[in-house]
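Enquirer: Next up, input.txt (compact mmCIF, C-alpha atoms and all ligand atoms).
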# COMPACT_ATOMS: atom_id res chain seq x y z
CA MET U 1 -33.59 -11.50 -23.32
CA VAL U 2 -30.75 -9.46 -24.77
CA THR U 3 -27.84 -11.73 -25.67
CA THR U 4 -24.37 -10.48 -26.54
CA ASP U 5 -25.05 -11.41 -30.17
CA SER U 6 -28.24 -9.37 -30.34
CA PHE U 7 -26.69 -6.47 -28.41
CA PHE U 8 -23.57 -6.30 -30.59
CA GLY U 9 -25.10 -7.60 -33.82
CA GLY U 10 -22.34 -10.24 -33.83
CA PRO U 11 -19.55 -11.17 -31.44
CA PRO U 12 -18.04 -8.40 -29.27
CA GLU U 13 -14.42 -7.34 -29.79
CA VAL U 14 -13.22 -8.27 -26.28
CA HIS U 15 -14.35 -9.95 -23.06
CA ALA U 16 -12.89 -9.25 -19.63
CA SER U 17 -13.85 -10.17 -16.07
CA ALA U 18 -12.95 -9.52 -12.43
CA PRO U 19 -13.98 -11.03 -9.07
CA GLY U 20 -15.57 -9.53 -5.97
CA ARG U 21 -13.71 -9.80 -2.66
CA VAL U 22 -14.16 -11.21 0.82
CA ASN U 23 -12.03 -9.54 3.43
CA LEU U 24 -10.73 -12.06 5.99
CA LEU U 25 -9.05 -9.58 8.32
CA GLY U 26 -8.30 -5.83 8.41
CA GLU U 27 -11.61 -3.94 8.37
CA HIS U 28 -11.82 -0.15 8.27
CA THR U 29 -8.05 -0.04 8.13
CA ASP U 30 -7.54 0.94 4.47
CA TYR U 31 -8.50 4.61 4.85
CA ASN U 32 -6.20 4.70 7.90
CA ASP U 33 -3.23 3.72 5.71
CA GLY U 34 -3.28 0.25 7.30
CA PHE U 35 -3.21 -3.43 6.37
CA MET U 36 -5.74 -6.00 5.18
CA LEU U 37 -6.10 -9.59 3.96
CA PRO U 38 -8.87 -10.12 1.40
CA VAL U 39 -9.40 -13.05 -0.99
CA ALA U 40 -11.18 -12.99 -4.36
CA THR U 41 -14.69 -14.44 -4.67
CA PRO U 42 -15.42 -17.28 -7.11
CA GLN U 43 -18.24 -15.03 -8.38
CA ARG U 44 -17.17 -12.62 -11.13
CA THR U 45 -18.38 -9.71 -13.23
CA THR U 46 -17.94 -10.04 -16.98
CA VAL U 47 -17.94 -7.25 -19.54
CA ALA U 48 -18.00 -7.46 -23.33
CA LEU U 49 -16.95 -4.44 -25.39
CA ALA U 50 -17.05 -3.29 -28.99
CA ARG U 51 -16.75 0.04 -30.75
CA SER U 52 -20.14 1.63 -31.31
CA ASN U 53 -21.21 2.09 -34.94
CA ASP U 54 -22.47 5.60 -34.26
CA ASP U 55 -21.30 8.34 -31.89
CA HIS U 56 -23.31 7.18 -28.85
CA PHE U 57 -22.38 5.06 -25.85
CA TYR U 58 -24.65 2.07 -25.19
CA PHE U 59 -24.42 0.07 -21.95
CA TYR U 60 -26.56 -2.95 -21.12
CA SER U 61 -26.65 -4.88 -17.83
CA SER U 62 -28.03 -8.36 -18.36
CA THR U 63 -28.21 -8.81 -14.58
CA LEU U 64 -30.49 -5.78 -14.16
CA ASP U 65 -31.95 -5.95 -17.69
CA ALA U 66 -31.28 -2.21 -17.92
CA ASN U 67 -30.01 0.03 -20.72
CA VAL U 68 -28.06 3.28 -20.59
CA THR U 69 -27.47 5.40 -23.71
CA PHE U 70 -25.77 8.77 -23.98
CA ALA U 71 -24.12 11.08 -26.50
CA PRO U 72 -20.35 11.79 -26.39
CA ASN U 73 -20.87 15.04 -24.49
CA GLY U 74 -23.58 13.54 -22.25
CA SER U 75 -23.20 11.29 -19.24
CA ALA U 76 -24.70 8.17 -17.67
CA PRO U 77 -27.38 8.59 -15.01
CA ALA U 78 -26.62 7.31 -11.48
CA GLY U 79 -26.59 3.50 -11.43
CA PHE U 80 -24.45 0.80 -13.05
CA GLY U 81 -23.71 3.11 -16.00
CA SER U 82 -21.93 5.66 -13.81
CA TYR U 83 -19.26 3.10 -12.81
CA ILE U 84 -18.65 2.25 -16.45
CA GLU U 85 -18.62 5.86 -17.56
CA GLY U 86 -16.23 6.71 -14.70
CA CYS U 87 -13.73 4.13 -15.99
CA ILE U 88 -13.98 5.53 -19.53
CA ARG U 89 -13.54 9.16 -18.45
CA LEU U 90 -10.58 8.37 -16.21
CA VAL U 91 -8.84 6.44 -18.97
CA GLU U 92 -9.45 9.44 -21.24
CA ALA U 93 -7.94 11.68 -18.57
CA GLU U 94 -4.81 9.49 -18.78
CA GLY U 95 -4.50 10.59 -22.42
CA VAL U 96 -6.09 7.56 -24.09
CA GLN U 97 -8.64 8.27 -26.81
CA VAL U 98 -11.73 6.18 -26.13
CA PRO U 99 -14.18 5.81 -29.04
CA PRO U 100 -17.94 5.54 -28.43
CA LEU U 101 -18.55 1.99 -27.17
CA ARG U 102 -21.14 -0.67 -26.66
CA VAL U 103 -20.65 -2.35 -23.27
CA TRP U 104 -22.50 -5.45 -22.08
CA VAL U 105 -22.26 -6.40 -18.39
CA SER U 106 -23.24 -9.48 -16.47
CA THR U 107 -22.42 -10.48 -12.90
CA ASP U 108 -22.94 -13.22 -10.38
CA VAL U 109 -21.21 -11.22 -7.63
CA PRO U 110 -24.09 -10.57 -5.23
CA VAL U 111 -25.02 -6.87 -5.17
CA GLY U 112 -25.47 -5.25 -1.74
CA SER U 113 -23.94 -8.11 0.28
CA GLY U 114 -20.62 -6.40 0.96
CA LEU U 115 -18.59 -8.44 -1.55
CA SER U 116 -17.70 -5.37 -3.65
CA SER U 117 -19.70 -5.93 -6.79
CA SER U 118 -18.87 -2.32 -7.67
CA ALA U 119 -15.10 -2.93 -7.57
CA ALA U 120 -15.60 -6.05 -9.71
CA LEU U 121 -17.44 -3.94 -12.32
CA GLU U 122 -14.80 -1.20 -12.32
CA VAL U 123 -11.87 -3.61 -12.56
CA ALA U 124 -13.54 -5.71 -15.27
CA MET U 125 -14.32 -2.55 -17.27
CA LEU U 126 -10.77 -1.18 -17.00
CA ARG U 127 -9.38 -4.57 -18.03
CA GLY U 128 -11.75 -4.55 -21.01
CA LEU U 129 -10.65 -1.05 -22.04
CA ARG U 130 -6.96 -1.98 -21.65
CA GLN U 131 -7.46 -5.03 -23.83
CA LEU U 132 -9.55 -3.28 -26.49
CA LEU U 133 -7.38 -0.18 -26.82
CA GLY U 134 -3.99 -1.71 -26.02
CA PHE U 135 -2.63 0.93 -23.60
CA GLU U 136 -0.22 0.29 -20.73
CA LEU U 137 -1.80 0.05 -17.28
CA ASP U 138 -0.35 -2.07 -14.50
CA ASP U 139 -2.67 -3.81 -12.04
CA VAL U 140 -1.98 -1.44 -9.13
CA LYS U 141 -2.57 1.67 -11.27
CA LEU U 142 -5.70 -0.03 -12.56
CA ALA U 143 -6.92 -0.48 -8.97
CA ARG U 144 -6.27 3.22 -8.28
CA LEU U 145 -8.27 4.28 -11.34
CA ALA U 146 -11.07 1.91 -10.31
CA GLN U 147 -11.15 3.50 -6.85
CA ARG U 148 -11.31 6.97 -8.42
CA ALA U 149 -14.22 5.87 -10.64
CA GLU U 150 -16.08 4.85 -7.49
CA ILE U 151 -15.29 8.07 -5.61
CA GLU U 152 -15.64 10.59 -8.44
CA TYR U 153 -18.42 9.04 -10.54
CA ALA U 154 -20.40 6.72 -8.24
CA ARG U 155 -19.84 9.19 -5.36
CA VAL U 156 -18.86 6.57 -2.78
CA ASN U 157 -15.99 7.66 -0.59
CA CYS U 158 -14.26 4.25 -0.39
CA GLY U 159 -10.72 3.17 0.46
CA ILE U 160 -8.44 1.17 -1.85
CA MET U 161 -8.97 -2.37 -0.50
CA ASP U 162 -11.82 -3.54 -2.74
CA GLN U 163 -10.23 -2.47 -6.01
CA MET U 164 -6.79 -3.81 -5.04
CA ALA U 165 -8.39 -7.14 -4.13
CA SER U 166 -10.44 -7.35 -7.31
CA SER U 167 -7.41 -6.45 -9.42
CA LEU U 168 -4.74 -8.58 -7.69
CA ALA U 169 -6.23 -11.24 -5.39
CA ASP U 170 -7.05 -14.84 -6.20
CA GLU U 171 -9.43 -17.35 -4.66
CA SER U 172 -7.00 -19.64 -2.93
CA ASN U 173 -4.59 -17.10 -1.43
CA MET U 174 -5.08 -14.04 0.73
CA LEU U 175 -3.73 -10.78 -0.64
CA PHE U 176 -1.77 -8.89 2.00
CA ILE U 177 -2.14 -5.18 1.20
CA ASP U 178 -0.37 -2.18 2.68
CA ALA U 179 -2.80 0.64 1.89
CA ARG U 180 -0.14 3.34 2.27
CA THR U 181 2.46 1.99 -0.13
CA LEU U 182 0.18 -0.39 -2.06
CA GLU U 183 2.83 -3.05 -1.57
CA HIS U 184 1.11 -6.40 -1.74
CA ARG U 185 1.84 -10.11 -1.75
CA LEU U 186 -0.12 -13.32 -1.87
CA ALA U 187 -0.14 -15.39 1.32
CA PRO U 188 -1.67 -18.87 1.55
CA LEU U 189 -4.77 -19.46 3.65
CA PRO U 190 -3.91 -21.30 6.88
CA GLU U 191 -3.22 -24.91 5.99
CA GLY U 192 -6.22 -27.20 5.72
CA THR U 193 -8.88 -24.46 5.83
CA GLU U 194 -11.61 -23.07 3.64
CA ILE U 195 -14.04 -20.20 3.97
CA ILE U 196 -17.78 -19.77 4.34
CA VAL U 197 -19.63 -16.56 3.48
CA ILE U 198 -23.27 -16.06 4.42
CA ASP U 199 -25.30 -12.98 3.54
CA SER U 200 -27.37 -11.80 6.51
CA GLY U 201 -30.16 -10.69 4.18
CA VAL U 202 -30.03 -7.23 5.77
CA ALA U 203 -29.30 -4.47 3.25
CA ARG U 204 -26.49 -2.12 4.24
CA LYS U 205 -28.76 0.86 4.82
CA LEU U 206 -26.58 3.16 6.87
CA ALA U 207 -23.41 2.01 5.20
CA GLY U 208 -22.84 5.28 3.34
CA SER U 209 -23.54 7.84 6.04
CA LYS U 210 -22.04 5.88 8.95
CA TYR U 211 -19.01 4.95 6.86
CA ASN U 212 -18.25 8.62 6.31
CA GLU U 213 -18.88 9.32 9.99
CA ARG U 214 -16.33 6.63 11.01
CA ARG U 215 -13.80 7.97 8.54
CA ALA U 216 -14.17 11.44 10.05
CA GLU U 217 -13.83 10.05 13.58
CA CYS U 218 -10.51 8.47 12.66
CA GLY U 219 -9.54 11.88 11.32
CA LYS U 220 -6.07 13.15 11.69
CA PRO U 221 -4.63 12.10 15.02
CA ARG U 222 -3.21 15.11 16.87
CA ALA U 223 0.50 14.45 17.28
CA SER U 224 2.33 15.70 14.20
CA SER U 225 4.56 12.61 14.03
CA VAL U 226 1.41 10.56 13.43
CA LYS U 227 0.24 10.90 9.84
CA ALA U 228 -2.48 8.29 10.14
CA LEU U 229 -3.62 5.68 12.68
CA ARG U 230 -1.39 3.22 10.84
CA ASP U 231 1.56 4.97 12.50
CA VAL U 232 0.33 4.17 16.01
CA GLN U 233 1.81 0.83 17.01
CA ASP U 234 1.19 0.87 20.75
CA PRO U 235 -2.49 0.18 21.53
CA GLU U 236 -2.09 2.02 24.87
CA ALA U 237 -1.22 5.23 23.04
CA VAL U 238 -4.85 5.87 22.06
CA GLU U 239 -6.31 5.48 25.53
CA ALA U 240 -6.08 9.20 26.31
CA LEU U 241 -8.16 10.25 23.28
CA PRO U 242 -11.70 11.56 23.93
CA GLU U 243 -14.65 9.28 23.09
CA PRO U 244 -15.65 8.10 20.54
CA GLN U 245 -12.23 8.62 18.91
CA ARG U 246 -10.61 6.47 21.62
CA ARG U 247 -12.66 3.38 20.74
CA ARG U 248 -12.45 3.98 16.99
CA ALA U 249 -8.66 4.29 17.19
CA ARG U 250 -8.42 1.22 19.47
CA HIS U 251 -10.11 -0.84 16.78
CA VAL U 252 -7.89 0.40 13.99
CA VAL U 253 -4.61 0.05 15.89
CA ARG U 254 -5.42 -3.47 17.15
CA GLU U 255 -6.87 -4.57 13.83
CA ASN U 256 -3.64 -3.63 12.09
CA LEU U 257 -1.68 -5.70 14.62
CA ARG U 258 -4.00 -8.66 13.98
CA VAL U 259 -3.42 -8.45 10.22
CA LEU U 260 0.35 -8.19 10.64
CA GLU U 261 0.35 -11.25 12.89
CA ALA U 262 -1.89 -13.27 10.55
CA ALA U 263 0.13 -12.30 7.48
CA GLU U 264 3.25 -13.80 9.07
CA GLY U 265 1.57 -17.21 8.84
CA VAL U 266 -0.22 -18.42 11.97
CA SER U 267 -1.99 -21.69 12.77
CA ALA U 268 -5.55 -22.13 11.59
CA GLU U 269 -6.74 -21.94 15.21
CA ARG U 270 -4.95 -18.66 15.82
CA PHE U 271 -6.29 -17.21 12.59
CA GLY U 272 -9.80 -18.09 13.75
CA GLU U 273 -9.17 -16.36 17.11
CA LEU U 274 -7.97 -13.25 15.32
CA MET U 275 -11.16 -13.21 13.21
CA ASN U 276 -13.33 -13.49 16.32
CA ALA U 277 -11.38 -10.70 18.03
CA SER U 278 -11.84 -8.58 14.90
CA HIS U 279 -15.59 -9.06 15.03
CA TYR U 280 -15.83 -8.14 18.72
CA SER U 281 -13.77 -5.05 18.08
CA LEU U 282 -15.95 -4.03 15.10
CA ARG U 283 -19.02 -4.61 17.26
CA ASP U 284 -17.89 -2.93 20.50
CA ASP U 285 -15.26 -0.35 19.57
CA TYR U 286 -15.96 0.53 15.96
CA GLU U 287 -19.74 0.01 16.30
CA VAL U 288 -20.43 -1.07 12.74
CA SER U 289 -22.12 -4.39 13.47
CA ILE U 290 -25.85 -5.04 13.79
CA PRO U 291 -27.63 -7.77 15.84
CA GLU U 292 -28.19 -9.98 12.77
CA LEU U 293 -24.46 -10.08 11.99
CA ASP U 294 -23.65 -10.85 15.64
CA VAL U 295 -26.17 -13.72 15.67
CA LEU U 296 -24.93 -15.10 12.37
CA CYS U 297 -21.31 -15.09 13.56
CA GLU U 298 -22.31 -16.84 16.81
CA LEU U 299 -24.18 -19.52 14.85
CA LEU U 300 -21.21 -20.02 12.55
CA ARG U 301 -18.81 -20.32 15.52
CA ALA U 302 -21.07 -22.99 17.04
CA GLN U 303 -20.64 -25.33 14.04
CA GLU U 304 -18.22 -28.22 13.98
CA GLY U 305 -14.98 -27.34 12.21
CA VAL U 306 -15.51 -23.56 12.34
CA LEU U 307 -12.46 -21.74 13.71
CA GLY U 308 -13.66 -18.14 13.72
CA ALA U 309 -16.22 -15.78 12.18
CA ARG U 310 -16.63 -12.06 11.65
CA LEU U 311 -18.59 -9.54 9.64
CA THR U 312 -16.89 -8.72 6.35
CA GLY U 313 -16.92 -5.38 4.52
CA ALA U 314 -18.11 -2.06 5.88
CA GLY U 315 -20.79 -3.50 8.23
CA PHE U 316 -24.35 -2.26 8.99
CA GLY U 317 -25.65 -5.32 7.10
CA GLY U 318 -24.17 -7.50 4.39
CA ALA U 319 -22.30 -10.74 5.03
CA CYS U 320 -20.26 -12.71 7.59
CA VAL U 321 -17.17 -14.75 6.75
CA ALA U 322 -16.00 -17.81 8.69
CA LEU U 323 -12.82 -19.85 8.49
CA CYS U 324 -13.31 -23.59 8.88
CA ARG U 325 -11.40 -26.83 8.53
CA ALA U 326 -11.37 -28.15 4.98
CA GLY U 327 -14.26 -30.48 4.30
CA HIS U 328 -16.60 -28.80 6.81
CA ALA U 329 -17.78 -25.76 4.86
CA GLN U 330 -20.91 -27.18 3.17
CA GLN U 331 -22.26 -28.77 6.31
CA ALA U 332 -21.39 -25.91 8.67
CA ALA U 333 -22.82 -23.26 6.32
CA ALA U 334 -26.07 -25.18 5.86
CA ALA U 335 -26.52 -25.72 9.60
CA ALA U 336 -25.73 -22.10 10.52
CA LEU U 337 -28.06 -20.81 7.80
CA ALA U 338 -30.94 -23.08 8.84
CA ALA U 339 -30.66 -21.85 12.44
CA TYR U 340 -30.35 -18.22 11.32
CA ASN U 341 -33.37 -18.34 9.00
CA ARG U 342 -35.54 -20.12 11.57
CA ASP U 343 -36.82 -16.75 12.80
CA GLY U 344 -37.99 -15.69 9.34
CA ARG U 345 -34.70 -14.12 8.33
CA GLN U 346 -33.60 -14.15 4.70
CA GLY U 347 -29.96 -15.24 4.92
CA ARG U 348 -28.28 -17.07 2.04
CA ILE U 349 -25.02 -18.90 1.49
CA LEU U 350 -22.67 -17.14 -0.93
CA ILE U 351 -19.55 -19.32 -0.42
CA PRO U 352 -19.18 -22.25 -0.99
CA VAL U 353 -21.10 -21.29 -4.13
CA PRO U 354 -24.43 -23.11 -3.88
CA THR U 355 -25.04 -25.66 -6.65
CA GLU U 356 -28.61 -25.35 -7.87
C1 LIG U 401 -15.86 -0.77 2.19
C2 LIG U 401 -14.87 0.16 1.49
C3 LIG U 401 -13.44 -0.32 1.69
C4 LIG U 401 -13.14 -0.54 3.18
C5 LIG U 401 -14.24 -1.39 3.83
C6 LIG U 401 -14.07 -1.51 5.32
O1 LIG U 401 -15.85 -2.02 1.60
O2 LIG U 401 -15.16 0.21 0.11
O3 LIG U 401 -12.55 0.60 1.14
O4 LIG U 401 -12.97 0.68 3.85
O5 LIG U 401 -15.53 -0.86 3.58
O6 LIG U 401 -12.91 -2.23 5.63
Since I need it in another form, could you write the structure as structure tokens?
Expert:
Amino acid sequence: MVTTDSFFGGPPEVHASAPGRVNLLGEHTDYNDGFMLPVATPQRTTVALARSNDDHFYFYSSTLDANVTFAPNGSAPAGFGSYIEGCIRLVEAEGVQVPPLRVWVSTDVPVGSGLSSSAALEVAMLRGLRQLLGFELDDVKLARLAQRAEIEYARVNCGIMDQMASSLADESNMLFIDARTLEHRLAPLPEGTEIIVIDSGVARKLAGSKYNERRAECGKPRASSVKALRDVQDPEAVEALPEPQRRRARHVVRENLRVLEAAEGVSAERFGELMNASHYSLRDDYEVSIPELDVLCELLRAQEGVLGARLTGAGFGGACVALCRAGHAQQAAAAALAAYNRDGRQGRILIPVPTE
């Protein structure tokens, strides 16, 4: 086992951390300049940093037990090191001199469940660099750099939601985000509620290719007054589009309206209805659900105290989120999981964080 002491030969110079995110409402809206309402996960990614004592970069992931080493003019191979290197290179591109570093990473954000472990790593790393080197970087700019690290270095064509959430959200409030302006504000969860997140156990296999396909389908809507689907406020206005653009646009336009309504502050019951409607729209119009996620949401909805459930994240696998009355989460999650796993499935509860 590599500890921070053995990796650094003493204590590191700085520690920093960042959470993953669970999106409660507003899916596939960010790259359409729209709105969303994520919360931060209790699970976090931690980085420890120190200047290297030679001219090489050394990264170690204690979660993967994997090392990455490269010379100043080299680069990290694809994998966890590419996210870290991306953050370093982008900070350099901002005019900050970054010395060769040793970077130690550890995370309890589940990887591959749709809770944005990659955004947590990018945001933690940028926070670590900011702290170690003392340059100015506000939290929105930090989120933008984190997104660029993901697009340019990890080669994932994501929107801005995950990095904004990891950089600015907290666990007990939702973060309302306007993806066009990056205006944001914290909004309380509906009174007397808490959330459940269950991983379906199905890896997000098609997530990359289908995600890009959906982005292309949303494309640039024809009319020149419409810059992005965010600018369409009347759901009827998309009905004349050819398929599948019509159904894709229907989802985005209605999903934005759901987020705007929820962000105004609605009852817990109404919030739950909006989550259910979001799931049906992702399933039927956006077509990013899979049978396992549909079953898991149904099982969650059937539990006492549960007000609504939907897939969270890009879809094609990953996790479902449910809103339930405070005090019901443990019981409802355990019952839904037991029913879901009865057929040999490998679901697991992510929130409330299981106590071992
Ligand atoms: C992924 C992307 C986000 C967002 C969601 C879907 O998590 O990284 O930018 O597009 O899918 O809402």
Enquirer: Neighbours of ligand LIG 401 (chain U) at 7 Å or closer, counting all atoms listed in the file: which residues, as a list in words?
Expert: Gly26, Glu27, His28, Thr29, Asp30, Tyr31, Gly114, Ser116, Cys158, Gly159, Ile160, Met161, Asp162, Gly313 and Ala314 of chain U
Enquirer: Looking at all atoms listed in the file, which of U:Ile196, U:Gly318, U:Gln330, U:Leu186 is the one that sits closest to Pro42 in chain U?
Expert: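 Among U:Ile196, U:Gly318, U:Gln330, U:Leu186, it is U:Ile196 that comes nearest to Pro42 in chain U.
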Enquirer: Give as a list of chain:residue names every residue, naming chains and numbers as the document does, that has an atom within 12 Å of (-32.8, -4.6, -12.4), counting only C-alpha atoms.
Expert: U:Tyr60, U:Ser61, U:Ser62, U:Thr63, U:Leu64, U:Asp65, U:Ala66, U:Asn67, U:Gly79, U:Phe80, U:Ser106, U:Thr107, U:Val111
Enquirer: Go through range 89-188 of chain U residue by residue and, counting only C-alpha atoms, keep those with an atom at most 12 Å from range 264-287 of chain U; for each kept residue give the shortest atom pair and its distance in Å to one decimal, ordered by chain and increasing number, as JSON lines.
Expert:
{"residue": "U:Asn173", "atom": "CA", "partner": "U:Gly265", "partner_atom": "CA", "distance": 12.0}
{"residue": "U:Met174", "atom": "CA", "partner": "U:Gly265", "partner_atom": "CA", "distance": 11.0}
{"residue": "U:Phe176", "atom": "CA", "partner": "U:Glu264", "partner_atom": "CA", "distance": 10.0}
{"residue": "U:Arg185", "atom": "CA", "partner": "U:Glu264", "partner_atom": "CA", "distance": 11.5}
{"residue": "U:Leu186", "atom": "CA", "partner": "U:Glu264", "partner_atom": "CA", "distance": 11.5}
{"residue": "U:Ala187", "atom": "CA", "partner": "U:Gly265", "partner_atom": "CA", "distance": 7.9}
{"residue": "U:Pro188", "atom": "CA", "partner": "U:Gly265", "partner_atom": "CA", "distance": 8.1}
Enquirer: Hey, which of U:Gly208, U:Gly134, U:Pro72, U:Gly305 ends up closest to Ala329 in chain U? Count all atoms listed in the file.
Expert: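 Among the listed residues, the smallest separation from Ala329 in chain U belongs to U:Gly305.
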Enquirer: Counting only C-alpha atoms, note down every residue that has an atom within 8 Å of the point (-7.7, 3.0, 15.0) (file coordinates), as a PDB file with C-alpha atoms, in the coordinates of the input.
Expert:
ATOM      1  CA  THR U  29      -8.050  -0.040   8.130  1.00  0.00           C
ATOM      2  CA  ASN U  32      -6.200   4.700   7.900  1.00  0.00           C
ATOM      3  CA  CYS U 218     -10.510   8.470  12.660  1.00  0.00           C
ATOM      4  CA  LEU U 229      -3.620   5.680  12.680  1.00  0.00           C
ATOM      5  CA  ARG U 230      -1.390   3.220  10.840  1.00  0.00           C
ATOM      6  CA  ARG U 247     -12.660   3.380  20.740  1.00  0.00           C
ATOM      7  CA  ARG U 248     -12.450   3.980  16.990  1.00  0.00           C
ATOM      8  CA  ALA U 249      -8.660   4.290  17.190  1.00  0.00           C
ATOM      9  CA  ARG U 250      -8.420   1.220  19.470  1.00  0.00           C
ATOM     10  CA  HIS U 251     -10.110  -0.840  16.780  1.00  0.00           C
ATOM     11  CA  VAL U 252      -7.890   0.400  13.990  1.00  0.00           C
ATOM     12  CA  VAL U 253      -4.610   0.050  15.890  1.00  0.00           C
ATOM     13  CA  ARG U 254      -5.420  -3.470  17.150  1.00  0.00           C
ATOM     14  CA  GLU U 255      -6.870  -4.570  13.830  1.00  0.00           C
TER      15      GLU U 255
END
Enquirer: Could you check the closest approach to Val39 in chain U for each of U:Glu171, U:His328, U:Pro354, U:Glu150 and tell me which residue wins, using only C-alpha atoms?
Expert: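 Nearest to Val39 in chain U: U:Glu171.
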Enquirer: Using all atoms listed in the file, what does the table of range 10-69 of chain U residues within 10 Å of range 129-133 of chain U look like, with each row giving the shortest atom pair and its distance in Å to one decimal, sorted by chain and ascending number, as a Markdown table?
Expert:
| residue | atom | partner | partner_atom | distance |
| --- | --- | --- | --- | --- |
| U:Glu13 | CA | U:Leu132 | CA | 7.1 |
| U:Val14 | CA | U:Leu132 | CA | 6.2 |
| U:His15 | CA | U:Gln131 | CA | 8.5 |
| U:Ala16 | CA | U:Gln131 | CA | 8.1 |
| U:Val47 | CA | U:Leu129 | CA | 9.9 |
| U:Ala48 | CA | U:Leu129 | CA | 9.8 |
| U:Leu49 | CA | U:Leu132 | CA | 7.6 |
| U:Ala50 | CA | U:Leu132 | CA | 7.9 |
| U:Arg51 | CA | U:Leu132 | CA | 9.0 |
Enquirer: From the set U:Gln331, U:Gln43, U:Ser118, U:Asn256, which residue has the shortest atom-to-atom contact distance to Leu25 in chain U, counting all atoms listed in the file?
Expert: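 Ranking U:Gln331, U:Gln43, U:Ser118, U:Asn256 by distance to Leu25 in chain U, first place goes to U:Asn256.
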Enquirer: Calculated over only C-alpha atoms, which of the candidates U:Val91, U:Met36, U:Val295, U:Leu257 has the smallest distance to Arg180 in chain U?
Expert: U:Met36
Enquirer: Which one of U:Arg214, U:Met125, U:Ile290, U:Lys227 sits closest to Gln245 in chain U if you count all atoms listed in the file?
Expert: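 Under the stated criterion, the closest residue is U:Arg214.
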Enquirer: Tell me which protein, DNA and RNA residues are within 8 Å of Asp178 in chain U, counting all atoms listed in the file, leaving out same-chain ones fewer than 2 positions away, and put them as an MDAnalysis selection string.
Expert: chainID U and resid 33:36 176 180:184
Enquirer: Find the distance between CA of Asp108 in chain U and CA of Tyr211 in chain U and write it in Å to one decimal.
Expert: 25.4 Å
Enquirer: For Asp55 in chain U, please output as a PyMOL selection string all residues within 12 Å (counting only C-alpha atoms; exclusion window: fewer than 6 positions along the same chain).
Expert: chain U and resi 69-74+98-102
Enquirer: What is the distance, in Å and to one decimal place, between CA of Gly20 in chain U and CA of Glu85 in chain U?
Expert: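 Answer for the CA of Gly20 in chain U to CA of Glu85 in chain U separation: 19.5 Å.
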Enquirer: By how many Å are CA of Ala263 in chain U and CA of Pro38 in chain U apart?
Expert: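 Interatomic distance, CA of Ala263 in chain U to CA of Pro38 in chain U: 11.1 Å.
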Enquirer: Padding of 3 Å on every side, edges along x, y and z, all listed atoms of range 334-348 of chain U included: what centre and edge lengths in Å, to one decimal, does that box have, as AutoDock Vina command-line options?
Expert:
--center_x -31.9 --center_y -19.9 --center_z 7.4 --size_x 18.3 --size_y 17.6 --size_z 16.8
Enquirer: Which neighbours of Ala319 in chain U fall inside 9 Å, counting only C-alpha atoms, when residues of the same chain fewer than 4 positions from it are skipped, and could you give them as a PyMOL selection string?
Expert: chain U and resi 113-115+197-202+293+296+310-313+315+347+350
